[in-house]
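Asks: My questions all concern the structure below.
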2 protein chains.
Amino acid sequence: MKAVTFGDEEEAETPSSAALFKTKTIREIASEAGVSTATVSRVLNNPERVRQERREAVLRVIERHDYVSHGMAGALAGARSMTIGVVIPTITNSIYAASTQAIQRVAQSEHYGVLLGVSDFAPSEERRIIRHLIERRVDGLILTGGGRDSNIYRLIDRHQIPYVVTWRLDAAANCPCVSFDNYSAGRMAMTHLLELGHRRIGLICGRSEVNDRALERRKAYEDTLSERAIAIDPSLIFERDFEFIEGRTAMRRMLDGPDPPTAVFAANDIQAVGALAECRAAGIGVPGDISIIGFDDLPLTEYTVPPLTTIRVPGQRMGHLAANRLLAMIRGEPSPSSEVLPVEFIRRESTAAPRNR
Amino acid sequence: MKAVTFGDEEEAETPSSAALFKTKTIREIASEAGVSTATVSRVLNNPERVRQERREAVLRVIERHDYVSHGMAGALAGARSMTIGVVIPTITNSIYAASTQAIQRVAQSEHYGVLLGVSDFAPSEERRIIRHLIERRVDGLILTGGGRDSNIYRLIDRHQIPYVVTWRLDAAANCPCVSFDNYSAGRMAMTHLLELGHRRIGLICGRSEVNDRALERRKAYEDTLSERAIAIDPSLIFERDFEFIEGRTAMRRMLDGPDPPTAVFAANDIQAVGALAECRAAGIGVPGDISIIGFDDLPLTEYTVPPLTTIRVPGQRMGHLAANRLLAMIRGEPSPSSEVLPVEFIRRESTAAPRNR
DNA sequence: TCCAGATTTGTAATCGGTTACAAATTTCAG
DNA sequence: CTGAAATTTGTAACCGATTACAAATCTGGA
């Protein structure tokens with residue numbers, strides 16, 4: 001009775017062609033195990049509610065056929081989809097990669113899958129992605145940044161999908177945000193340069209019309225200058241894509257200008273490193289001739305020459321926290337409040353007082 | 001008749017509390033539009049099969065209610081899930097991020113969503129992830145690297161899910177692979193160093209027991225040395241995680257050793273940059289005192305000091321190709337063959353002939 | 001031994017779409 | 001104007017799970 005005949009199993013199984021395997025359904029498993037579908041379902045979802053002996057028999061059949069339940073059917077019938085959706089502008093910038101990976105880690109540890117959408121900073125694409133995620137009935141949603149059309153939020157609300165916004169505090173969003181304050185962080189960077197004595201400062205940042213983080217940092221740049229009655233010179237402001245080369249050419253342009261800055265606020269490290277490279281190539285000393293401060297604290301900034309002064313953004317922590325907040329909401333716990341994480345000023349060697357001229 | 005009364009629409013809609021919105025079903029849309037569910041379904045999936053007038057009426061109702069069809073129900077009823085699964089070891093290493101993003105781009109442009117799983121180099125986690133993806137009935141699967149347990153492939157085959165393997169040619173996988181040849185690429189790097197005249201060469205790479213790409217590169221290292229009758233010195237081999245700091249400490253150890261190498265093959269750029277930083281900190285000239293060759297050609301390697309000699313790996317192209325191959329298989333086209341993409345040797349300034357001693 | 005209460009199991013309705021097939025309508029050549 | 005072919009539409013049977021509810025079985029104290 002206990003002996004298992006291998007022959008049986010093999011035979012019960014298969015014709016000849018592998019292509020003929022039909023994926024088993026819960027009904028077939030149930031009938032083969034001599035129980036009802038309800039029991040099989042319980043074995044899978046509430047094992048403790050099935051008598052051990054039976055449970056093991058069912059598991060054996062499941063094992064034998066590599067049965068994997070049809071999640072769609074389950075989700076339809078009322079269970080969770082066990083998937084959350086994440087929308088980010090890009091993953092090639094490692095700062096977004098870090099927060100995304102943190103989200104992944106939390107989600108996976110709680111047996112949630114992650115449907116990832118990359119919007120590439122295009123609002124229309126983001127909208128499409130969100131629709132797709134809703135269609136897939138994700139149990140929750142994590143969005144990056146704010147400034148999106150408010151009817152997107154309405155769409156999400158209509159479908160009663162809990163969501164959280166990261167990388168930005170978005171008042172328009174009817175949900176908790178997990179972020180840091182881009183504006184004050186930007187001010188922190190600018191204040192550093194100003195306190196060092198710089199008065200002519202350039203800005204390199206992302207495109208503020210599609211990236212509200214860039215916008216806030218730019219605002220910080222402009223405000224801190226205005227407060228000190230320093231005129232804003234548009235020829236010192238460069239909005240570019242997140243590529244080393246973009247930072248580099250922007251810096252080139254500044255150096256070629258009639259009155260180059262003594263310091264540059266690069267509102268992200270990628271562009272900062274590009275700018276740094278251009279200075280090096282042009283024989284301009286950093287921080288001797290020109291100071292550069294970055295933003296993000298990418299791991300690599302510790303290894304540039306000179307190491308980059310920058311603002312450390314809590315990418316991982318945001319991802320971690322956002323995911324936990326979201327899972328709490330999914331569990332039905334009362335909606336948590338927004339959280340503003342602190343950023344950290346990382347003083348390294350790319351900034352110094354301006355040369356006395 | 002044509003005039004639309006806004007009042008009507010608003011009224012038809014809503015009580016007071018937003019929370020009361022119930023998500024509409026296709027049946028409700030159908031009845032409100034005065035058609036059958038079949039027609040609504042057609043409007044959504046085969047619009048050309050519905051008379052224009054009716055179609056527009058239906059679309060109007062859909063629009064009004066922000067109706068989004070329940071993808072699970074659809075997938076259950078036989079339609080595609082319009083989702084592909086992607087499993088990678090990490091996304092924080094930007095080389096994987098690049099290929100993942102390329103996959104995303106292709107998938108999204110064909111209206112597929114991407115369920116992303118990050119295995120963190122843990123086989124058991126990878127297995128879990130794959131099960132989850134199967135459970136979600138993804139239409140196809142993209143796996144990274146080989147060397148996994150063969151019954152994972154059996155599991156996938158049983159469920160008739162087309163898949164492709166990237167970053168590795170895996171003979172065990174019953175599917176097309178899209179990769180480059182890690183082994184020859186490794187040989188390419190080593191040959192460069194050997195031809196420059198180096199005989200004492202260190203190796204820093206990922207953990208070969210969980211990462212078959214690292215394993216192949218290591219094999220290339222060992223083979224090229226053996227072929228030239230150079231003894232392999234285990235004290236010059238470091239298997240570490242993909243972090244700058246790991247490359248750095250590995251280099252430290254080599255420098256501290258009794259007989260430091262004249263060259264180092266860092267089998268990935270992250271560790272190479274770490275090694276570079278350690279040399280700089282220790283006052284060791286690169287390539288004067290020691291040559292370093294990396295692997296991957298991360299964007300940042302162009303900006304290190306000195307710029308890094310490395311092997312350019314076709315991350316984006318692999319992602320792009322893999323996704324296209326997979327979508328072709330999903331469309332039912334005959335299974336494409338494997339493809340081995342070429343790598344490129346990028347000679348920059350971190351390698352030179354050994355100092356004559 | 002018997003029965004109330006607890007535990008285990010099965011029956012069948014349900015989730016929200018898709019689609020085969022049939023029915024209704026339109027189109028158009030003769 | 002007629003009727004066959006083409007186009008549009010609707011009916012209703014699925015897809016494969018979950019779960020409320022009822023039925024069956026087990027447990028142990030009197």
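Identifiers in this document derive from the order of the structure tokens: chains are assigned A, B, ..., residues are numbered from 1 separately in each chain, and ligands are numbered from 1 in order of occurrence.
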Near B:Leu215, counting only C-alpha atoms (C1' of nucleotides), which residues have an atom at most 12 Å away, once you skip same-chain residues fewer than 3 positions from it, shown as an NGL selection string?
Replies: :B and (145-147 or 168 or 182-183 or 186 or 203-212 or 218-222 or 239 or 267)
Asks: Give me, as a list in words, the residues of stretch 121-187 of chain B that a backbone DSSP run labels strand (DSSP E or B).
Replies: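 Everything in stretch 121-187 of chain B that counts as strand (DSSP E or B) is Gly140, Leu141, Ile142, Leu143, Thr144, Tyr163, Val164, Val165, Thr166, Cys177, Val178, Ser179 and Phe180 of chain B.
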Asks: Leaving out D:DT7 and any residue of its chain fewer than 6 positions from it, which residues lie within 10 Å of it when counting only C-alpha atoms (C1' of nucleotides), given as a list in words?
Replies: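 The residues that qualify are Arg49, Val50 and Arg51 of chain B; DT25, DT26 and DT27 of chain C.
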Asks: If you keep N, CA and C atoms (P, O5', C5', C4', C3', O3' and C1' of nucleotides), can you produce a file of those selected residues as an mmCIF file, in the first residue's frame?
Replies:
```
data_model
loop_
_atom_site.group_PDB
_atom_site.id
_atom_site.type_symbol
_atom_site.label_atom_id
_atom_site.label_comp_id
_atom_site.auth_asym_id
_atom_site.auth_seq_id
_atom_site.Cartn_x
_atom_site.Cartn_y
_atom_site.Cartn_z
ATOM 1 N N ARG B 49 -14.935 44.964 -36.393
ATOM 2 C CA ARG B 49 -16.055 44.062 -36.630
ATOM 3 C C ARG B 49 -17.371 44.610 -36.065
ATOM 4 N N VAL B 50 -17.335 45.857 -35.673
ATOM 5 C CA VAL B 50 -18.555 46.457 -35.127
ATOM 6 C C VAL B 50 -18.891 47.714 -35.922
ATOM 7 N N ARG B 51 -20.124 47.848 -36.250
ATOM 8 C CA ARG B 51 -20.554 49.006 -37.037
ATOM 9 C C ARG B 51 -20.184 50.289 -36.279
ATOM 10 P P DT C 25 -33.703 42.245 -37.276
ATOM 11 O "O5'" DT C 25 -32.627 42.875 -38.270
ATOM 12 C "C5'" DT C 25 -31.420 43.418 -37.733
ATOM 13 C "C4'" DT C 25 -30.468 43.671 -38.852
ATOM 14 C "C3'" DT C 25 -31.044 44.507 -40.001
ATOM 15 O "O3'" DT C 25 -30.404 45.765 -39.980
ATOM 16 C "C1'" DT C 25 -29.695 42.701 -40.767
ATOM 17 P P DT C 26 -30.759 46.850 -41.068
ATOM 18 O "O5'" DT C 26 -29.616 46.605 -42.151
ATOM 19 C "C5'" DT C 26 -28.257 46.710 -41.748
ATOM 20 C "C4'" DT C 26 -27.376 46.355 -42.921
ATOM 21 C "C3'" DT C 26 -27.625 47.192 -44.179
ATOM 22 O "O3'" DT C 26 -26.402 47.801 -44.548
ATOM 23 C "C1'" DT C 26 -27.546 44.869 -44.692
ATOM 24 P P DT C 27 -26.304 48.722 -45.844
ATOM 25 O "O5'" DT C 27 -25.844 47.679 -46.949
ATOM 26 C "C5'" DT C 27 -24.673 46.903 -46.723
ATOM 27 C "C4'" DT C 27 -24.376 46.115 -47.976
ATOM 28 C "C3'" DT C 27 -24.562 46.904 -49.269
ATOM 29 O "O3'" DT C 27 -23.419 46.719 -50.082
ATOM 30 C "C1'" DT C 27 -25.787 44.872 -49.359
#
```
Asks: Can you list every residue of chain A that has an atom at most 8 Å from chain D, with its nearest atom pair and the distance in Å to one decimal, using only C-alpha atoms (C1' of nucleotides), ordered by chain then number, as CSV?
Replies:
```
residue,atom,partner,partner_atom,distance
A:Thr25,CA,D:DG16,C1',6.7
A:Ile26,CA,D:DG16,C1',7.2
A:Ala38,CA,D:DT18,C1',7.9
A:Ser41,CA,D:DT18,C1',7.5
A:Ser69,CA,D:DA17,C1',7.8
A:His70,CA,D:DG16,C1',6.6
A:Gly71,CA,D:DA17,C1',7.6
A:Met72,CA,D:DA17,C1',7.8
A:Ala73,CA,D:DA17,C1',4.4
A:Gly74,CA,D:DA17,C1',4.4
A:Ala75,CA,D:DA17,C1',7.9
A:Leu76,CA,D:DA17,C1',7.6
A:Ala77,CA,D:DT18,C1',5.3
A:Gly78,CA,D:DT18,C1',6.6
A:Ala79,CA,D:DT18,C1',7.1
```
Asks: Could I get the residues of chain C with an atom no further than 12 Å from an atom of chain A, each paired with its nearest atom pair and that distance in Å to one decimal, using only C-alpha atoms (C1' of nucleotides), sorted by chain and residue number, as a tab-separated table?
Replies:
```
residue	atom	partner	partner_atom	distance
C:DT7	C1'	A:Arg49	CA	8.6
C:DT8	C1'	A:Val50	CA	6.7
C:DT9	C1'	A:Thr39	CA	7.1
C:DG10	C1'	A:Ser36	CA	6.1
C:DT11	C1'	A:Ser36	CA	9.1
C:DA12	C1'	A:Ala38	CA	10.8
C:DA13	C1'	A:Ala77	CA	11.1
C:DT14	C1'	A:Ala77	CA	7.1
C:DC15	C1'	A:Ala77	CA	4.4
C:DG16	C1'	A:Leu76	CA	7.3
C:DG17	C1'	A:Leu76	CA	9.7
```
Asks: What does the file look like for those residues with N, CA and C atoms (P, O5', C5', C4', C3', O3' and C1' of nucleotides), as a PDB file, in the first residue's frame?
Replies:
```
ATOM      1  P    DT C   7     -12.178  22.481  16.154  1.00  0.00           P
ATOM      2  O5'  DT C   7     -12.128  21.427  14.962  1.00  0.00           O
ATOM      3  C5'  DT C   7     -11.789  20.072  15.232  1.00  0.00           C
ATOM      4  C4'  DT C   7     -11.992  19.264  13.981  1.00  0.00           C
ATOM      5  C3'  DT C   7     -11.303  19.823  12.736  1.00  0.00           C
ATOM      6  O3'  DT C   7     -10.433  18.825  12.248  1.00  0.00           O
ATOM      7  C1'  DT C   7     -13.523  19.174  12.261  1.00  0.00           C
ATOM      8  P    DT C   8      -9.453  19.131  11.001  1.00  0.00           P
ATOM      9  O5'  DT C   8     -10.297  18.500   9.817  1.00  0.00           O
ATOM     10  C5'  DT C   8     -10.612  17.116   9.845  1.00  0.00           C
ATOM     11  C4'  DT C   8     -11.515  16.781   8.675  1.00  0.00           C
ATOM     12  C3'  DT C   8     -10.975  17.180   7.302  1.00  0.00           C
ATOM     13  O3'  DT C   8     -10.833  15.977   6.565  1.00  0.00           O
ATOM     14  C1'  DT C   8     -13.276  17.745   7.534  1.00  0.00           C
ATOM     15  P    DT C   9     -10.334  16.033   5.061  1.00  0.00           P
ATOM     16  O5'  DT C   9     -11.686  16.236   4.289  1.00  0.00           O
ATOM     17  C5'  DT C   9     -12.558  15.113   4.092  1.00  0.00           C
ATOM     18  C4'  DT C   9     -13.773  15.562   3.317  1.00  0.00           C
ATOM     19  C3'  DT C   9     -13.500  16.053   1.899  1.00  0.00           C
ATOM     20  O3'  DT C   9     -13.913  15.021   1.008  1.00  0.00           O
ATOM     21  C1'  DT C   9     -15.157  17.356   3.023  1.00  0.00           C
ATOM     22  P    DG C  10     -13.840  15.252  -0.561  1.00  0.00           P
ATOM     23  O5'  DG C  10     -15.301  15.813  -0.844  1.00  0.00           O
ATOM     24  C5'  DG C  10     -16.415  15.041  -0.445  1.00  0.00           C
ATOM     25  C4'  DG C  10     -17.702  15.701  -0.894  1.00  0.00           C
ATOM     26  C3'  DG C  10     -17.721  16.088  -2.377  1.00  0.00           C
ATOM     27  O3'  DG C  10     -19.016  15.765  -2.876  1.00  0.00           O
ATOM     28  C1'  DG C  10     -18.108  18.011  -1.045  1.00  0.00           C
ATOM     29  P    DT C  11     -19.318  15.945  -4.436  1.00  0.00           P
ATOM     30  O5'  DT C  11     -20.428  17.075  -4.454  1.00  0.00           O
ATOM     31  C5'  DT C  11     -21.356  17.162  -3.384  1.00  0.00           C
ATOM     32  C4'  DT C  11     -22.327  18.307  -3.659  1.00  0.00           C
ATOM     33  C3'  DT C  11     -22.514  18.655  -5.138  1.00  0.00           C
ATOM     34  O3'  DT C  11     -23.868  19.031  -5.328  1.00  0.00           O
ATOM     35  C1'  DT C  11     -21.621  20.527  -4.016  1.00  0.00           C
ATOM     36  P    DA C  12     -24.438  19.318  -6.790  1.00  0.00           P
ATOM     37  O5'  DA C  12     -24.253  20.901  -6.890  1.00  0.00           O
ATOM     38  C5'  DA C  12     -24.815  21.725  -5.864  1.00  0.00           C
ATOM     39  C4'  DA C  12     -24.428  23.161  -6.136  1.00  0.00           C
ATOM     40  C3'  DA C  12     -24.500  23.584  -7.605  1.00  0.00           C
ATOM     41  O3'  DA C  12     -24.928  24.927  -7.617  1.00  0.00           O
ATOM     42  C1'  DA C  12     -22.381  24.015  -6.844  1.00  0.00           C
ATOM     43  P    DA C  13     -25.701  25.557  -8.844  1.00  0.00           P
ATOM     44  O5'  DA C  13     -25.661  27.093  -8.457  1.00  0.00           O
ATOM     45  C5'  DA C  13     -25.798  27.466  -7.090  1.00  0.00           C
ATOM     46  C4'  DA C  13     -24.939  28.695  -6.823  1.00  0.00           C
ATOM     47  C3'  DA C  13     -24.973  29.740  -7.946  1.00  0.00           C
ATOM     48  O3'  DA C  13     -24.993  31.023  -7.354  1.00  0.00           O
ATOM     49  C1'  DA C  13     -22.757  29.028  -7.602  1.00  0.00           C
ATOM     50  P    DT C  14     -25.147  32.286  -8.308  1.00  0.00           P
ATOM     51  O5'  DT C  14     -23.648  32.786  -8.438  1.00  0.00           O
ATOM     52  C5'  DT C  14     -22.897  33.068  -7.251  1.00  0.00           C
ATOM     53  C4'  DT C  14     -21.496  33.417  -7.641  1.00  0.00           C
ATOM     54  C3'  DT C  14     -21.381  34.331  -8.873  1.00  0.00           C
ATOM     55  O3'  DT C  14     -20.857  35.584  -8.457  1.00  0.00           O
ATOM     56  C1'  DT C  14     -19.801  32.549  -8.940  1.00  0.00           C
ATOM     57  P    DC C  15     -21.046  36.880  -9.394  1.00  0.00           P
ATOM     58  O5'  DC C  15     -19.540  37.249  -9.722  1.00  0.00           O
ATOM     59  C5'  DC C  15     -18.559  37.346  -8.692  1.00  0.00           C
ATOM     60  C4'  DC C  15     -17.184  37.199  -9.311  1.00  0.00           C
ATOM     61  C3'  DC C  15     -17.095  37.896 -10.663  1.00  0.00           C
ATOM     62  O3'  DC C  15     -16.520  39.174 -10.474  1.00  0.00           O
ATOM     63  C1'  DC C  15     -16.107  35.695 -10.704  1.00  0.00           C
ATOM     64  P    DG C  16     -17.276  40.409 -11.233  1.00  0.00           P
ATOM     65  O5'  DG C  16     -16.713  40.313 -12.713  1.00  0.00           O
ATOM     66  C5'  DG C  16     -15.323  40.469 -12.926  1.00  0.00           C
ATOM     67  C4'  DG C  16     -15.012  40.112 -14.348  1.00  0.00           C
ATOM     68  C3'  DG C  16     -15.837  40.873 -15.390  1.00  0.00           C
ATOM     69  O3'  DG C  16     -14.979  41.219 -16.448  1.00  0.00           O
ATOM     70  C1'  DG C  16     -16.005  38.597 -15.782  1.00  0.00           C
ATOM     71  P    DG C  17     -15.364  42.413 -17.400  1.00  0.00           P
ATOM     72  O5'  DG C  17     -14.302  42.151 -18.568  1.00  0.00           O
ATOM     73  C5'  DG C  17     -14.685  41.545 -19.789  1.00  0.00           C
ATOM     74  C4'  DG C  17     -13.979  40.220 -19.930  1.00  0.00           C
ATOM     75  C3'  DG C  17     -14.011  39.652 -21.336  1.00  0.00           C
ATOM     76  O3'  DG C  17     -12.792  39.970 -21.974  1.00  0.00           O
ATOM     77  C1'  DG C  17     -14.659  38.011 -19.712  1.00  0.00           C
TER      78       DG C  17
END
```
Asks: For a quick check of understanding, using only C-alpha atoms, which of B:Ala214, B:Ala97, B:Ala322, B:Ile330 has the smallest distance to chain A?
Replies: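 The closest residue to chain A is B:Ala97.
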Asks: Could you give me, as a ChimeraX atom specification, the residues within 10 Å of A:His198, counting only C-alpha atoms (C1' of nucleotides) and dropping anything in the same chain fewer than 5 positions from it?
Replies: /A:190-193,261-264,290-291,352-355
Asks: Residues of chain A within 7 Å of chain B, counting only C-alpha atoms, what are they? List them as a PyMOL selection string.
Replies: chain A and resi 21+23+66+68-73+75-76+91-92+94+97-98+101+104+114-118+135-137+155+158-159+277+303-305
Asks: Could you jot down the atom CA of B:Ile88 to atom CA of A:Leu298 separation for me, Å, one decimal place?
Replies: 21.4 Å
Asks: In stretch 37-116 of chain B, what's helix (DSSP H, G or I) per DSSP? Answer as a ChimeraX atom specification?
Replies: /B:37-45,47-49,52-64,71-76,94-109
Asks: The selected residues should be written to file as a short mmCIF file (atom, residue, chain, number, x, y, z; two decimals), in the first residue's frame (atoms: N, CA and C atoms).
Replies:
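Printed below is selection-v2.cif as written:
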```cif
data_model
loop_
_atom_site.label_atom_id
_atom_site.label_comp_id
_atom_site.auth_asym_id
_atom_site.auth_seq_id
_atom_site.Cartn_x
_atom_site.Cartn_y
_atom_site.Cartn_z
N THR B 37 -22.88 41.71 -24.46
CA THR B 37 -21.49 41.69 -24.00
C THR B 37 -20.55 41.35 -25.14
N ALA B 38 -21.03 40.51 -26.03
CA ALA B 38 -20.17 40.14 -27.15
C ALA B 38 -19.76 41.38 -27.93
N THR B 39 -20.70 42.27 -28.10
CA THR B 39 -20.40 43.47 -28.87
C THR B 39 -19.37 44.34 -28.14
N VAL B 40 -19.55 44.49 -26.84
CA VAL B 40 -18.58 45.28 -26.09
C VAL B 40 -17.20 44.65 -26.22
N SER B 41 -17.15 43.36 -26.07
CA SER B 41 -15.88 42.66 -26.19
C SER B 41 -15.26 42.94 -27.56
N ARG B 42 -16.10 42.90 -28.58
CA ARG B 42 -15.56 43.16 -29.92
C ARG B 42 -15.07 44.59 -30.06
N VAL B 43 -15.81 45.51 -29.51
CA VAL B 43 -15.38 46.91 -29.59
C VAL B 43 -13.95 47.02 -29.05
N LEU B 44 -13.71 46.26 -27.99
CA LEU B 44 -12.40 46.35 -27.34
C LEU B 44 -11.32 45.60 -28.10
N ASN B 45 -11.68 44.45 -28.66
CA ASN B 45 -10.64 43.61 -29.25
C ASN B 45 -10.63 43.54 -30.77
N PRO B 47 -12.38 46.04 -33.03
CA PRO B 47 -13.26 47.17 -33.30
C PRO B 47 -13.79 47.16 -34.73
N GLU B 48 -13.00 46.67 -35.66
CA GLU B 48 -13.44 46.74 -37.05
C GLU B 48 -14.63 45.83 -37.34
N ARG B 49 -14.94 44.96 -36.39
CA ARG B 49 -16.05 44.06 -36.63
C ARG B 49 -17.37 44.61 -36.06
N GLN B 52 -19.67 51.22 -37.04
CA GLN B 52 -19.08 52.42 -36.45
C GLN B 52 -19.98 53.13 -35.44
N GLU B 53 -21.20 53.31 -35.82
CA GLU B 53 -22.13 54.06 -34.97
C GLU B 53 -22.23 53.43 -33.58
N ARG B 54 -22.47 52.13 -33.60
CA ARG B 54 -22.59 51.39 -32.36
C ARG B 54 -21.29 51.44 -31.56
N ARG B 55 -20.23 51.25 -32.28
CA ARG B 55 -18.92 51.21 -31.65
C ARG B 55 -18.69 52.49 -30.85
N GLU B 56 -19.01 53.59 -31.49
CA GLU B 56 -18.77 54.86 -30.81
C GLU B 56 -19.66 55.01 -29.58
N ALA B 57 -20.86 54.53 -29.69
CA ALA B 57 -21.76 54.61 -28.55
C ALA B 57 -21.18 53.81 -27.39
N VAL B 58 -20.71 52.63 -27.71
CA VAL B 58 -20.14 51.78 -26.67
C VAL B 58 -18.90 52.45 -26.06
N LEU B 59 -18.07 52.97 -26.91
CA LEU B 59 -16.86 53.61 -26.42
C LEU B 59 -17.20 54.76 -25.49
N ARG B 60 -18.26 55.45 -25.82
CA ARG B 60 -18.65 56.57 -24.98
C ARG B 60 -18.99 56.08 -23.57
N VAL B 61 -19.74 55.02 -23.51
CA VAL B 61 -20.10 54.48 -22.20
C VAL B 61 -18.84 54.03 -21.46
N ILE B 62 -17.97 53.36 -22.17
CA ILE B 62 -16.73 52.88 -21.56
C ILE B 62 -15.95 54.06 -20.97
N GLU B 63 -15.85 55.06 -21.78
CA GLU B 63 -15.12 56.27 -21.39
C GLU B 63 -15.73 56.87 -20.12
N ARG B 64 -17.01 57.01 -20.18
CA ARG B 64 -17.71 57.66 -19.08
C ARG B 64 -17.45 56.99 -17.74
N GLY B 71 -8.64 41.84 -17.00
CA GLY B 71 -7.71 41.01 -17.78
C GLY B 71 -7.69 39.57 -17.34
N MET B 72 -7.93 39.33 -16.07
CA MET B 72 -7.89 37.96 -15.57
C MET B 72 -9.01 37.16 -16.21
N ALA B 73 -10.19 37.76 -16.23
CA ALA B 73 -11.32 37.08 -16.84
C ALA B 73 -11.00 36.80 -18.30
N GLY B 74 -10.45 37.79 -18.95
CA GLY B 74 -10.10 37.60 -20.35
C GLY B 74 -9.12 36.48 -20.54
N ALA B 75 -8.08 36.52 -19.76
CA ALA B 75 -7.04 35.50 -19.90
C ALA B 75 -7.62 34.12 -19.62
N LEU B 76 -8.51 34.07 -18.66
CA LEU B 76 -9.13 32.79 -18.33
C LEU B 76 -9.90 32.27 -19.53
N SER B 94 24.20 47.98 -13.76
CA SER B 94 23.53 48.62 -14.88
C SER B 94 23.61 47.84 -16.17
N ILE B 95 24.45 46.83 -16.21
CA ILE B 95 24.49 46.04 -17.43
C ILE B 95 23.23 45.18 -17.55
N TYR B 96 22.77 44.68 -16.43
CA TYR B 96 21.50 43.94 -16.45
C TYR B 96 20.33 44.90 -16.62
N ALA B 97 20.47 46.04 -16.01
CA ALA B 97 19.42 47.03 -16.16
C ALA B 97 19.23 47.37 -17.63
N ALA B 98 20.33 47.48 -18.34
CA ALA B 98 20.23 47.85 -19.76
C ALA B 98 19.49 46.79 -20.55
N SER B 99 19.82 45.53 -20.31
CA SER B 99 19.14 44.52 -21.12
C SER B 99 17.68 44.41 -20.70
N THR B 100 17.43 44.56 -19.41
CA THR B 100 16.04 44.52 -18.95
C THR B 100 15.23 45.65 -19.57
N GLN B 101 15.84 46.81 -19.58
CA GLN B 101 15.09 47.95 -20.12
C GLN B 101 14.81 47.75 -21.61
N ALA B 102 15.76 47.13 -22.30
CA ALA B 102 15.54 46.87 -23.72
C ALA B 102 14.36 45.91 -23.91
N ILE B 103 14.31 44.91 -23.06
CA ILE B 103 13.19 43.97 -23.12
C ILE B 103 11.88 44.71 -22.89
N GLN B 104 11.88 45.52 -21.86
CA GLN B 104 10.71 46.33 -21.54
C GLN B 104 10.23 47.11 -22.74
N ARG B 105 11.18 47.76 -23.36
CA ARG B 105 10.82 48.65 -24.45
C ARG B 105 10.11 47.88 -25.56
N VAL B 106 10.71 46.77 -25.93
CA VAL B 106 10.11 45.96 -26.99
C VAL B 106 8.73 45.45 -26.56
N ALA B 107 8.68 44.91 -25.35
CA ALA B 107 7.43 44.34 -24.88
C ALA B 107 6.34 45.41 -24.85
N GLN B 108 6.65 46.54 -24.26
CA GLN B 108 5.63 47.56 -24.14
C GLN B 108 5.20 48.08 -25.50
N SER B 109 6.13 48.14 -26.42
CA SER B 109 5.74 48.65 -27.73
C SER B 109 4.79 47.68 -28.43
#
```
